[in-house]
>>> print(open('model18.pdb').read())   # PDB, C-alpha atoms, pLDDT in the B column
ATOM      1  CA  MET A   1       0.000   0.000   0.000  1.00 46.00           C
ATOM      2  CA  VAL A   2       1.283   3.398  -0.942  1.00 48.00           C
ATOM      3  CA  ALA A   3       1.770   5.732   2.000  1.00 50.00           C
ATOM      4  CA  GLY A   4      -0.950   8.318   2.197  1.00 50.00           C
ATOM      5  CA  ASP A   5      -3.458   6.277   0.162  1.00 52.00           C
ATOM      6  CA  THR A   6      -6.463   7.064   2.325  1.00 51.00           C
ATOM      7  CA  PHE A   7      -8.896   5.241   0.050  1.00 46.00           C
ATOM      8  CA  TRP A   8      -7.593   1.804   1.087  1.00 47.00           C
ATOM      9  CA  GLU A   9      -7.176   2.857   4.708  1.00 53.00           C
ATOM     10  CA  ASP A  10     -10.809   3.936   4.882  1.00 52.00           C
ATOM     11  CA  ARG A  11     -12.308   1.381   2.472  1.00 50.00           C
ATOM     12  CA  LYS A  12     -14.706  -0.077   5.049  1.00 52.00           C
ATOM     13  CA  ARG A  13     -16.668   3.200   5.176  1.00 51.00           C
ATOM     14  CA  GLY A  14     -17.637   2.864   1.516  1.00 50.00           C
ATOM     15  CA  TYR A  15     -18.536   5.513  -1.042  1.00 45.00           C
ATOM     16  CA  PHE A  16     -21.803   6.632   0.547  1.00 47.00           C
ATOM     17  CA  TRP A  17     -20.287   7.285   3.970  1.00 48.00           C
ATOM     18  CA  TYR A  18     -18.679  10.580   3.073  1.00 50.00           C
ATOM     19  CA  ASP A  19     -19.211  13.602   5.302  1.00 55.00           C
ATOM     20  CA  ASP A  20     -20.902  16.739   4.010  1.00 55.00           C
ATOM     21  CA  PRO A  21     -18.478  19.666   3.807  1.00 55.00           C
ATOM     22  CA  VAL A  22     -18.911  22.226   6.525  1.00 59.00           C
ATOM     23  CA  LEU A  23     -19.858  25.566   5.030  1.00 57.00           C
ATOM     24  CA  GLU A  24     -18.924  28.779   6.733  1.00 61.00           C
ATOM     25  CA  GLU A  25     -21.773  30.876   7.980  1.00 57.00           C
ATOM     26  CA  PRO A  26     -22.071  34.158   6.119  1.00 50.00           C
ATOM     27  CA  LYS A  27     -20.551  36.993   8.088  1.00 53.00           C
ATOM     28  CA  ASP A  28     -23.032  39.640   9.089  1.00 51.00           C
ATOM     29  CA  GLU A  29     -20.508  42.451   8.689  1.00 53.00           C
ATOM     30  CA  ASP A  30     -22.702  45.317   7.588  1.00 55.00           C
ATOM     31  CA  GLN A  31     -26.254  46.531   7.321  1.00 54.00           C
ATOM     32  CA  TYR A  32     -26.490  45.387   3.710  1.00 52.00           C
ATOM     33  CA  VAL A  33     -26.486  41.739   4.763  1.00 53.00           C
ATOM     34  CA  LYS A  34     -29.186  42.473   7.318  1.00 55.00           C
ATOM     35  CA  ASP A  35     -31.304  44.252   4.754  1.00 53.00           C
ATOM     36  CA  GLN A  36     -31.075  41.263   2.423  1.00 54.00           C
ATOM     37  CA  GLN A  37     -32.876  39.189   5.017  1.00 53.00           C
ATOM     38  CA  VAL A  38     -35.893  41.425   4.519  1.00 49.00           C
ATOM     39  CA  ILE A  39     -36.478  39.829   1.137  1.00 47.00           C
ATOM     40  CA  ILE A  40     -35.912  36.181   1.992  1.00 44.00           C
ATOM     41  CA  GLN A  41     -37.642  36.072   5.385  1.00 47.00           C
ATOM     42  CA  PRO A  42     -41.444  35.923   5.668  1.00 44.00           C
ATOM     43  CA  GLN A  43     -42.930  39.227   6.676  1.00 45.00           C
ATOM     44  CA  SER A  44     -45.426  39.720   9.436  1.00 48.00           C
ATOM     45  CA  GLU A  45     -47.839  42.600   9.831  1.00 47.00           C
ATOM     46  CA  ALA A  46     -44.937  44.578  11.228  1.00 51.00           C
ATOM     47  CA  SER A  47     -43.016  46.886   8.982  1.00 54.00           C
ATOM     48  CA  PRO A  48     -40.032  45.239   7.182  1.00 63.00           C
ATOM     49  CA  ASP A  49     -37.494  47.801   8.426  1.00 86.00           C
ATOM     50  CA  ASN A  50     -37.039  50.581  10.916  1.00 90.00           C
ATOM     51  CA  TYR A  51     -35.677  53.245   8.602  1.00 93.00           C
ATOM     52  CA  SER A  52     -37.242  56.672   8.948  1.00 93.00           C
ATOM     53  CA  TYR A  53     -37.864  58.964   5.983  1.00 94.00           C
ATOM     54  CA  GLU A  54     -34.670  60.870   6.849  1.00 94.00           C
ATOM     55  CA  ASP A  55     -32.667  57.659   7.265  1.00 94.00           C
ATOM     56  CA  LEU A  56     -33.449  56.601   3.702  1.00 95.00           C
ATOM     57  CA  PHE A  57     -31.497  59.556   2.306  1.00 93.00           C
ATOM     58  CA  ASP A  58     -28.276  58.279   3.899  1.00 93.00           C
ATOM     59  CA  LEU A  59     -28.507  54.661   2.748  1.00 94.00           C
ATOM     60  CA  HIS A  60     -26.007  53.320   0.258  1.00 94.00           C
ATOM     61  CA  PRO A  61     -27.724  52.697  -3.122  1.00 94.00           C
ATOM     62  CA  ASP A  62     -27.307  48.931  -2.733  1.00 94.00           C
ATOM     63  CA  GLN A  63     -28.972  49.043   0.679  1.00 94.00           C
ATOM     64  CA  PHE A  64     -31.672  51.397  -0.550  1.00 95.00           C
ATOM     65  CA  LYS A  65     -32.532  49.053  -3.438  1.00 94.00           C
ATOM     66  CA  VAL A  66     -33.023  46.182  -1.027  1.00 94.00           C
ATOM     67  CA  VAL A  67     -35.227  48.283   1.243  1.00 94.00           C
ATOM     68  CA  ILE A  68     -37.427  49.752  -1.501  1.00 95.00           C
ATOM     69  CA  ASP A  69     -37.880  46.316  -3.114  1.00 95.00           C
ATOM     70  CA  ALA A  70     -38.801  44.840   0.262  1.00 94.00           C
ATOM     71  CA  ARG A  71     -41.286  47.652   0.969  1.00 95.00           C
ATOM     72  CA  LEU A  72     -42.907  47.122  -2.424  1.00 96.00           C
ATOM     73  CA  LYS A  73     -43.313  43.398  -1.830  1.00 94.00           C
ATOM     74  CA  HIS A  74     -44.576  44.003   1.684  1.00 93.00           C
ATOM     75  CA  ALA A  75     -47.121  46.551   0.429  1.00 95.00           C
ATOM     76  CA  VAL A  76     -48.349  44.171  -2.271  1.00 95.00           C
ATOM     77  CA  HIS A  77     -48.537  41.287   0.194  1.00 94.00           C
ATOM     78  CA  ARG A  78     -50.182  43.357   2.938  1.00 93.00           C
ATOM     79  CA  PRO A  79     -51.672  46.452   1.231  1.00 95.00           C
ATOM     80  CA  THR A  80     -52.472  48.403   4.372  1.00 95.00           C
ATOM     81  CA  GLU A  81     -52.334  52.189   4.471  1.00 96.00           C
ATOM     82  CA  GLU A  82     -49.181  52.097   6.564  1.00 94.00           C
ATOM     83  CA  ASN A  83     -47.342  49.654   4.269  1.00 94.00           C
ATOM     84  CA  VAL A  84     -48.276  51.531   1.095  1.00 96.00           C
ATOM     85  CA  LEU A  85     -47.280  54.815   2.715  1.00 96.00           C
ATOM     86  CA  ARG A  86     -43.860  53.464   3.622  1.00 95.00           C
ATOM     87  CA  PHE A  87     -43.344  52.271   0.046  1.00 96.00           C
ATOM     88  CA  LEU A  88     -44.395  55.649  -1.367  1.00 97.00           C
ATOM     89  CA  GLU A  89     -42.016  57.367   1.028  1.00 96.00           C
ATOM     90  CA  ALA A  90     -39.177  55.276  -0.366  1.00 96.00           C
ATOM     91  CA  THR A  91     -40.142  56.098  -3.966  1.00 97.00           C
ATOM     92  CA  ASP A  92     -40.316  59.788  -3.058  1.00 97.00           C
ATOM     93  CA  VAL A  93     -36.788  59.603  -1.666  1.00 97.00           C
ATOM     94  CA  ALA A  94     -35.656  57.887  -4.878  1.00 97.00           C
ATOM     95  CA  LYS A  95     -37.169  60.675  -6.995  1.00 97.00           C
ATOM     96  CA  LYS A  96     -35.578  63.417  -4.898  1.00 96.00           C
ATOM     97  CA  LYS A  97     -32.172  61.736  -4.953  1.00 96.00           C
ATOM     98  CA  SER A  98     -32.474  61.355  -8.706  1.00 96.00           C
ATOM     99  CA  ARG A  99     -33.313  65.030  -9.163  1.00 96.00           C
ATOM    100  CA  MET A 100     -30.411  66.011  -6.926  1.00 95.00           C
ATOM    101  CA  MET A 101     -28.044  63.898  -9.019  1.00 95.00           C
ATOM    102  CA  ALA A 102     -29.388  65.395 -12.250  1.00 95.00           C
ATOM    103  CA  ASN A 103     -29.010  68.931 -10.909  1.00 95.00           C
ATOM    104  CA  VAL A 104     -25.410  68.411  -9.841  1.00 95.00           C
ATOM    105  CA  ALA A 105     -24.577  66.575 -13.079  1.00 92.00           C
ATOM    106  CA  GLY A 106     -25.960  69.463 -15.119  1.00 90.00           C
ATOM    107  CA  PHE A 107     -23.926  72.004 -13.176  1.00 92.00           C
ATOM    108  CA  VAL A 108     -20.705  69.950 -13.331  1.00 92.00           C
ATOM    109  CA  ALA A 109     -21.138  69.402 -17.080  1.00 87.00           C
ATOM    110  CA  MET A 110     -21.675  73.138 -17.569  1.00 86.00           C
ATOM    111  CA  GLN A 111     -18.401  73.858 -15.785  1.00 90.00           C
ATOM    112  CA  ASN A 112     -16.562  71.146 -17.745  1.00 89.00           C
ATOM    113  CA  PRO A 113     -17.496  71.645 -21.430  1.00 81.00           C
ATOM    114  CA  ARG A 114     -15.237  68.784 -22.543  1.00 80.00           C
ATOM    115  CA  LEU A 115     -17.710  66.366 -20.924  1.00 80.00           C
ATOM    116  CA  THR A 116     -20.645  67.534 -23.040  1.00 78.00           C
ATOM    117  CA  GLY A 117     -21.335  67.465 -26.767  1.00 72.00           C
ATOM    118  CA  GLU A 118     -22.693  70.995 -27.001  1.00 73.00           C
ATOM    119  CA  SER A 119     -19.684  72.246 -28.937  1.00 68.00           C
ATOM    120  CA  ARG A 120     -20.097  69.547 -31.591  1.00 70.00           C
ATOM    121  CA  TYR A 121     -23.814  68.730 -31.330  1.00 72.00           C
ATOM    122  CA  PRO A 122     -25.566  72.014 -30.490  1.00 75.00           C
ATOM    123  CA  TYR A 123     -29.058  71.786 -29.034  1.00 75.00           C
ATOM    124  CA  SER A 124     -30.418  75.242 -29.863  1.00 80.00           C
ATOM    125  CA  GLN A 125     -31.996  75.978 -33.223  1.00 84.00           C
ATOM    126  CA  PRO A 126     -29.408  78.629 -34.193  1.00 86.00           C
ATOM    127  CA  GLY A 127     -26.647  76.214 -33.236  1.00 81.00           C
ATOM    128  CA  ARG A 128     -28.250  73.397 -35.223  1.00 81.00           C
ATOM    129  CA  SER A 129     -28.544  75.658 -38.270  1.00 87.00           C
ATOM    130  CA  ALA A 130     -24.866  76.578 -38.028  1.00 84.00           C
ATOM    131  CA  TYR A 131     -23.900  72.917 -37.623  1.00 80.00           C
ATOM    132  CA  LEU A 132     -25.925  71.826 -40.665  1.00 84.00           C
ATOM    133  CA  GLN A 133     -24.444  74.611 -42.755  1.00 87.00           C
ATOM    134  CA  GLN A 134     -20.927  73.631 -41.751  1.00 86.00           C
ATOM    135  CA  ARG A 135     -21.649  69.988 -42.458  1.00 86.00           C
ATOM    136  CA  SER A 136     -23.120  70.771 -45.877  1.00 89.00           C
ATOM    137  CA  THR A 137     -20.098  72.897 -46.830  1.00 91.00           C
ATOM    138  CA  GLU A 138     -17.648  70.176 -45.811  1.00 91.00           C
ATOM    139  CA  ILE A 139     -19.522  67.416 -47.651  1.00 92.00           C
ATOM    140  CA  LYS A 140     -19.840  69.487 -50.827  1.00 92.00           C
ATOM    141  CA  ALA A 141     -16.106  70.309 -50.834  1.00 92.00           C
ATOM    142  CA  ASN A 142     -15.231  66.643 -50.270  1.00 91.00           C
ATOM    143  CA  LEU A 143     -17.440  65.479 -53.132  1.00 93.00           C
ATOM    144  CA  GLU A 144     -15.910  68.077 -55.434  1.00 94.00           C
ATOM    145  CA  ASN A 145     -12.349  67.047 -54.560  1.00 92.00           C
ATOM    146  CA  PHE A 146     -12.890  63.323 -55.173  1.00 93.00           C
ATOM    147  CA  LYS A 147     -15.350  63.239 -58.089  1.00 92.00           C
ATOM    148  CA  ASP A 148     -12.609  62.200 -60.534  1.00 93.00           C
ATOM    149  CA  GLN A 149     -11.094  59.582 -58.228  1.00 95.00           C
ATOM    150  CA  TYR A 150     -14.271  57.663 -57.429  1.00 95.00           C
ATOM    151  CA  ALA A 151     -17.380  56.544 -59.284  1.00 95.00           C
ATOM    152  CA  ILE A 152     -20.750  55.018 -58.439  1.00 95.00           C
ATOM    153  CA  ILE A 153     -22.152  51.757 -59.748  1.00 94.00           C
ATOM    154  CA  ALA A 154     -25.938  51.604 -59.491  1.00 95.00           C
ATOM    155  CA  PHE A 155     -27.427  48.109 -59.736  1.00 94.00           C
ATOM    156  CA  ASN A 156     -31.076  48.067 -60.773  1.00 93.00           C
ATOM    157  CA  GLU A 157     -33.640  45.704 -62.204  1.00 92.00           C
ATOM    158  CA  ALA A 158     -36.443  45.987 -64.729  1.00 90.00           C
ATOM    159  CA  GLY A 159     -39.833  46.532 -63.095  1.00 90.00           C
ATOM    160  CA  CYS A 160     -38.290  47.603 -59.776  1.00 91.00           C
ATOM    161  CA  GLY A 161     -40.308  50.549 -58.433  1.00 93.00           C
ATOM    162  CA  TYR A 162     -37.701  51.257 -55.776  1.00 93.00           C
ATOM    163  CA  CYS A 163     -35.053  51.507 -58.503  1.00 94.00           C
ATOM    164  CA  GLU A 164     -37.100  54.161 -60.278  1.00 93.00           C
ATOM    165  CA  ALA A 165     -37.425  56.169 -57.078  1.00 94.00           C
ATOM    166  CA  GLN A 166     -33.677  55.915 -56.442  1.00 95.00           C
ATOM    167  CA  GLU A 167     -32.890  56.832 -60.055  1.00 94.00           C
ATOM    168  CA  ASP A 168     -34.551  60.247 -59.677  1.00 93.00           C
ATOM    169  CA  ILE A 169     -32.386  60.957 -56.617  1.00 95.00           C
ATOM    170  CA  LEU A 170     -29.268  59.550 -58.275  1.00 94.00           C
ATOM    171  CA  ALA A 171     -29.762  61.653 -61.416  1.00 94.00           C
ATOM    172  CA  HIS A 172     -30.079  64.780 -59.278  1.00 94.00           C
ATOM    173  CA  PHE A 173     -26.867  63.863 -57.445  1.00 94.00           C
ATOM    174  CA  GLU A 174     -25.073  63.180 -60.723  1.00 93.00           C
ATOM    175  CA  ASN A 175     -26.073  66.492 -62.298  1.00 92.00           C
ATOM    176  CA  LEU A 176     -25.389  68.569 -59.191  1.00 92.00           C
ATOM    177  CA  ASN A 177     -22.008  67.096 -58.227  1.00 92.00           C
ATOM    178  CA  GLY A 178     -20.636  65.968 -61.599  1.00 92.00           C
ATOM    179  CA  TRP A 179     -19.932  62.396 -60.524  1.00 94.00           C
ATOM    180  CA  ASN A 180     -19.767  59.497 -62.972  1.00 92.00           C
ATOM    181  CA  VAL A 181     -22.541  56.947 -62.362  1.00 93.00           C
ATOM    182  CA  ARG A 182     -22.628  53.597 -64.150  1.00 93.00           C
ATOM    183  CA  ARG A 183     -25.991  51.861 -64.170  1.00 94.00           C
ATOM    184  CA  ILE A 184     -26.119  48.057 -64.288  1.00 93.00           C
ATOM    185  CA  ASP A 185     -29.208  45.913 -64.889  1.00 93.00           C
ATOM    186  CA  ILE A 186     -28.596  42.737 -62.872  1.00 92.00           C
ATOM    187  CA  GLY A 187     -30.901  40.808 -65.209  1.00 89.00           C
ATOM    188  CA  GLY A 188     -28.598  41.487 -68.165  1.00 90.00           C
ATOM    189  CA  ASN A 189     -25.365  41.317 -66.137  1.00 89.00           C
ATOM    190  CA  PRO A 190     -25.744  38.474 -63.627  1.00 89.00           C
ATOM    191  CA  LYS A 191     -21.988  37.787 -63.506  1.00 90.00           C
ATOM    192  CA  LEU A 192     -21.180  41.366 -62.564  1.00 88.00           C
ATOM    193  CA  ALA A 193     -23.906  41.325 -59.930  1.00 89.00           C
ATOM    194  CA  ALA A 194     -22.511  38.067 -58.555  1.00 89.00           C
ATOM    195  CA  LYS A 195     -18.991  39.522 -58.510  1.00 88.00           C
ATOM    196  CA  PHE A 196     -20.125  42.286 -56.168  1.00 86.00           C
ATOM    197  CA  GLU A 197     -22.540  39.935 -54.334  1.00 89.00           C
ATOM    198  CA  VAL A 198     -25.507  42.125 -55.194  1.00 89.00           C
ATOM    199  CA  GLU A 199     -28.884  40.509 -54.469  1.00 87.00           C
ATOM    200  CA  ILE A 200     -31.021  43.536 -53.642  1.00 90.00           C
ATOM    201  CA  THR A 201     -32.038  46.362 -55.959  1.00 93.00           C
ATOM    202  CA  PRO A 202     -31.369  49.182 -55.941  1.00 94.00           C
ATOM    203  CA  THR A 203     -27.826  48.754 -54.642  1.00 94.00           C
ATOM    204  CA  LEU A 204     -25.256  51.533 -54.910  1.00 95.00           C
ATOM    205  CA  LEU A 205     -21.497  50.936 -54.756  1.00 94.00           C
ATOM    206  CA  LEU A 206     -18.684  53.430 -54.355  1.00 95.00           C
ATOM    207  CA  VAL A 207     -15.678  52.353 -56.438  1.00 94.00           C
ATOM    208  CA  SER A 208     -12.122  53.698 -56.419  1.00 95.00           C
ATOM    209  CA  ARG A 209     -10.864  54.312 -59.952  1.00 93.00           C
ATOM    210  CA  ALA A 210      -7.255  53.742 -58.866  1.00 92.00           C
ATOM    211  CA  THR A 211      -7.590  50.515 -56.876  1.00 93.00           C
ATOM    212  CA  GLN A 212     -11.034  49.203 -57.947  1.00 91.00           C
ATOM    213  CA  ALA A 213     -11.809  48.747 -54.250  1.00 93.00           C
ATOM    214  CA  SER A 214     -15.495  49.179 -53.483  1.00 93.00           C
ATOM    215  CA  GLN A 215     -17.839  49.830 -50.583  1.00 94.00           C
ATOM    216  CA  ILE A 216     -21.614  49.506 -50.435  1.00 94.00           C
ATOM    217  CA  ILE A 217     -23.334  52.876 -50.223  1.00 95.00           C
ATOM    218  CA  SER A 218     -26.840  51.521 -49.835  1.00 94.00           C
ATOM    219  CA  SER A 219     -29.149  48.588 -50.452  1.00 92.00           C
ATOM    220  CA  GLY A 220     -32.563  50.140 -50.922  1.00 91.00           C
ATOM    221  CA  VAL A 221     -33.767  53.682 -51.503  1.00 94.00           C
ATOM    222  CA  ILE A 222     -31.985  56.474 -49.643  1.00 94.00           C
ATOM    223  CA  SER A 223     -32.583  60.223 -49.711  1.00 95.00           C
ATOM    224  CA  PHE A 224     -30.443  62.770 -51.526  1.00 95.00           C
ATOM    225  CA  ASP A 225     -29.020  64.151 -48.280  1.00 94.00           C
ATOM    226  CA  GLU A 226     -28.201  60.663 -46.992  1.00 94.00           C
ATOM    227  CA  LEU A 227     -26.554  59.771 -50.304  1.00 96.00           C
ATOM    228  CA  ASN A 228     -24.250  62.783 -50.074  1.00 94.00           C
ATOM    229  CA  LYS A 229     -23.398  62.042 -46.459  1.00 94.00           C
ATOM    230  CA  ARG A 230     -22.642  58.350 -46.992  1.00 94.00           C
ATOM    231  CA  ILE A 231     -20.366  59.006 -49.959  1.00 95.00           C
ATOM    232  CA  TYR A 232     -18.519  61.607 -47.898  1.00 93.00           C
ATOM    233  CA  GLN A 233     -18.079  59.115 -45.050  1.00 93.00           C
ATOM    234  CA  LEU A 234     -16.967  56.251 -47.293  1.00 94.00           C
ATOM    235  CA  VAL A 235     -14.464  58.370 -49.209  1.00 94.00           C
ATOM    236  CA  ARG A 236     -12.847  59.405 -45.927  1.00 92.00           C
ATOM    237  CA  LEU A 237     -12.716  55.744 -44.901  1.00 92.00           C
ATOM    238  CA  MET A 238     -11.256  54.529 -48.191  1.00 93.00           C
ATOM    239  CA  GLU A 239      -8.718  57.373 -48.188  1.00 92.00           C
ATOM    240  CA  GLY A 240      -7.526  56.335 -44.722  1.00 90.00           C
ATOM    241  CA  ARG A 241      -8.617  59.611 -43.152  1.00 87.00           C
ATOM    242  CA  THR A 242     -10.865  57.873 -40.638  1.00 87.00           C
ATOM    243  CA  ASP A 243     -11.723  54.413 -39.317  1.00 86.00           C
ATOM    244  CA  PRO A 244     -14.978  52.622 -38.458  1.00 85.00           C
ATOM    245  CA  GLN A 245     -14.796  53.856 -34.870  1.00 85.00           C
ATOM    246  CA  GLN A 246     -14.912  57.477 -36.099  1.00 83.00           C
ATOM    247  CA  PHE A 247     -17.022  56.764 -39.181  1.00 84.00           C
ATOM    248  CA  TYR A 248     -19.841  59.244 -38.478  1.00 78.00           C
ATOM    249  CA  ASN A 249     -17.618  62.080 -37.263  1.00 82.00           C
ATOM    250  CA  MET A 250     -17.029  65.102 -39.456  1.00 78.00           C
ATOM    251  CA  ASP A 251     -13.561  66.459 -40.189  1.00 74.00           C
ATOM    252  CA  PHE A 252     -14.389  69.768 -38.515  1.00 66.00           C
ATOM    253  CA  TYR A 253     -14.880  67.905 -35.216  1.00 61.00           C
ATOM    254  CA  LYS A 254     -11.103  67.670 -34.892  1.00 58.00           C
ATOM    255  CA  ALA A 255     -10.854  71.395 -34.311  1.00 47.00           C
ATOM    256  CA  SER A 256     -13.055  71.134 -31.195  1.00 48.00           C
ATOM    257  CA  ASP A 257     -11.586  67.913 -29.737  1.00 48.00           C
TER     258      ASP A 257
END
>>> encode(input="model18.pdb", output="structure tokens")
Amino acid sequence: MVAGDTFWEDRKRGYFWYDDPVLEEPKDEDQYVKDQQVIIQPQSEASPDNYSYEDLFDLHPDQFKVVIDARLKHAVHRPTEENVLRFLEATDVAKKKSRMMANVAGFVAMQNPRLTGESRYPYSQPGRSAYLQQRSTEIKANLENFKDQYAIIAFNEAGCGYCEAQEDILAHFENLNGWNVRRIDIGGNPKLAAKFEVEITPTLLLVSRATQASQIISSGVISFDELNKRIYQLVRLMEGRTDPQQFYNMDFYKASD
């Protein structure tokens, strides 16, 4: 027998004679543990806790959650005037604490502009108008600079009503910005459609003339404004001027970062 082989030494006890492990009793170190008992222990007609209205304001959020949940359950189980009142007192404290937090957060944000988006995403109407004007100017300049370096392939299909709606928007874009747009009927060019994995019409692709790399602009009808914006975003991505994490940001954001 190998020394220390307790199985053979204790073989007469058998497999089913093992002793249950002794578990340590949970340590009642703080009030949070006591409050937890409110939920798991049956409640009598007595109130589930002894916290006054003023006491509730000083409770840690974890403790407060236990107390307010317990008061709700107690009020539902025993809907007396006293129990419902105590639950409503707790909800009133929650509302006041929430308002206090919101007030302080608003003040702190006002004093620390870097934590808000007001400089980049203005809320007021005059600010919104200025933002939209700046965005429009930047997009238009970008489209003008890259109109000879990129082109659009528009996949359509005979009898597709959505394609007709997109064509009106696409023609307006083409005439206004001077971009080259190649229109492809997937019924007559199934191999080309398969090459670009196009299954939905209308589908618009942005293609680099230099590298032939492409990105999907849209699958389905999009508005004129959205078309301009997406091409602007994709050109920046394909030119290495941004990445997916900053995809929706405008170049003029950098000045305010």
>>> closest_residue(input="model18.pdb", among="A:Trp179, A:Arg99, A:Leu72, A:Gln63", to="Asn145 of chain A", atoms="only C-alpha atoms")
A:Trp179
>>> atom_distance(input="model18.pdb", atom1="atom CA of Ile184 of chain A", atom2="atom CA of Phe155 of chain A")
4.7 Å
>>> atom_distance(input="model18.pdb", atom1="atom CA of Tyr131 of chain A", atom2="atom CA of Ile217 of chain A")
23.7 Å
>>> residues_near_point(input="model18.pdb", point="(-24.4, 69.6, -57.3)", cutoff="12 Å", atoms="only C-alpha atoms", output="list in words")
Ser136, Thr137, Ile139, Lys140, Ala141, Asn142, Leu143, Glu144, Lys147, Ile169, Leu170, Ala171, His172, Phe173, Glu174, Asn175, Leu176, Asn177, Gly178, Trp179, Phe224, Asp225 and Asn228 of chain A
>>> residues_around(input="model18.pdb", residues="Glu197 of chain A", least_positions_apart="6", cutoff="12 Å", atoms="all atoms listed in the file", output="PyMOL selection string")
chain A and resi 155+186+190-191+203-205+214-216+219
>>> atom_distance(input="model18.pdb", atom1="atom CA of Ala165 of chain A", atom2="atom CA of Thr201 of chain A")
11.2 Å
>>> closest_residue(input="model18.pdb", among="A:Glu138, A:Asp185, A:Asp49, A:Asp62", to="Asn83 of chain A", atoms="only C-alpha atoms")
A:Asp49
>>> closest_residue(input="model18.pdb", among="A:Gln166, A:Ser52, A:Ser129, A:Gln149", to="Glu89 of chain A", atoms="all atoms listed in the file")
A:Ser52
>>> closest_residue(input="model18.pdb", among="A:Val221, A:Leu206, A:Leu227, A:Ala94", to="Arg182 of chain A", atoms="only C-alpha atoms")
A:Leu206
>>> resolve_selection(input="model18.pdb", expression="the PyMOL selection byres ((chain A and resi 158) around 10)", output="ChimeraX atom specification")
/A:156-157,159-161,163-164,185-188,201
>>> closest_residue(input="model18.pdb", among="A:Met110, A:Gln134, A:Lys195, A:Arg86", to="Asn50 of chain A", atoms="all atoms listed in the file")
A:Arg86
>>> decode(input="model18.pdb", residues="segment 188-202 of chain A", atoms="N, CA and C atoms", output="CSV table (one decimal), in the first residue's frame")
chain,number,residue,atom,x,y,z
A,188,GLY,N,-29.5,41.6,-67.0
A,188,GLY,CA,-28.6,41.5,-68.2
A,188,GLY,C,-27.1,41.3,-67.8
A,189,ASN,N,-26.8,41.5,-66.6
A,189,ASN,CA,-25.4,41.3,-66.1
A,189,ASN,C,-25.3,40.5,-64.8
A,190,PRO,N,-25.7,39.3,-64.9
A,190,PRO,CA,-25.7,38.5,-63.6
A,190,PRO,C,-24.3,38.2,-63.1
A,191,LYS,N,-23.3,38.1,-64.0
A,191,LYS,CA,-22.0,37.8,-63.5
A,191,LYS,C,-21.4,39.0,-62.7
A,192,LEU,N,-21.7,40.2,-63.2
A,192,LEU,CA,-21.2,41.4,-62.6
A,192,LEU,C,-21.9,41.5,-61.2
A,193,ALA,N,-23.2,41.2,-61.2
A,193,ALA,CA,-23.9,41.3,-59.9
A,193,ALA,C,-23.4,40.3,-58.9
A,194,ALA,N,-23.1,39.1,-59.4
A,194,ALA,CA,-22.5,38.1,-58.6
A,194,ALA,C,-21.1,38.4,-58.1
A,195,LYS,N,-20.3,39.1,-58.9
A,195,LYS,CA,-19.0,39.5,-58.5
A,195,LYS,C,-19.0,40.4,-57.3
A,196,PHE,N,-20.0,41.3,-57.3
A,196,PHE,CA,-20.1,42.3,-56.2
A,196,PHE,C,-21.1,41.8,-55.1
A,197,GLU,N,-21.6,40.6,-55.3
A,197,GLU,CA,-22.5,39.9,-54.3
A,197,GLU,C,-23.8,40.8,-54.1
A,198,VAL,N,-24.3,41.3,-55.2
A,198,VAL,CA,-25.5,42.1,-55.2
A,198,VAL,C,-26.7,41.2,-55.4
A,199,GLU,N,-27.6,41.3,-54.4
A,199,GLU,CA,-28.9,40.5,-54.5
A,199,GLU,C,-30.1,41.4,-54.3
A,200,ILE,N,-29.9,42.6,-53.9
A,200,ILE,CA,-31.0,43.5,-53.6
A,200,ILE,C,-30.9,44.7,-54.6
A,201,THR,N,-32.0,45.2,-55.1
A,201,THR,CA,-32.0,46.4,-56.0
A,201,THR,C,-33.0,47.4,-55.4
A,202,PRO,N,-32.6,48.7,-55.4
A,202,PRO,CA,-31.4,49.2,-55.9
A,202,PRO,C,-30.2,49.0,-54.9
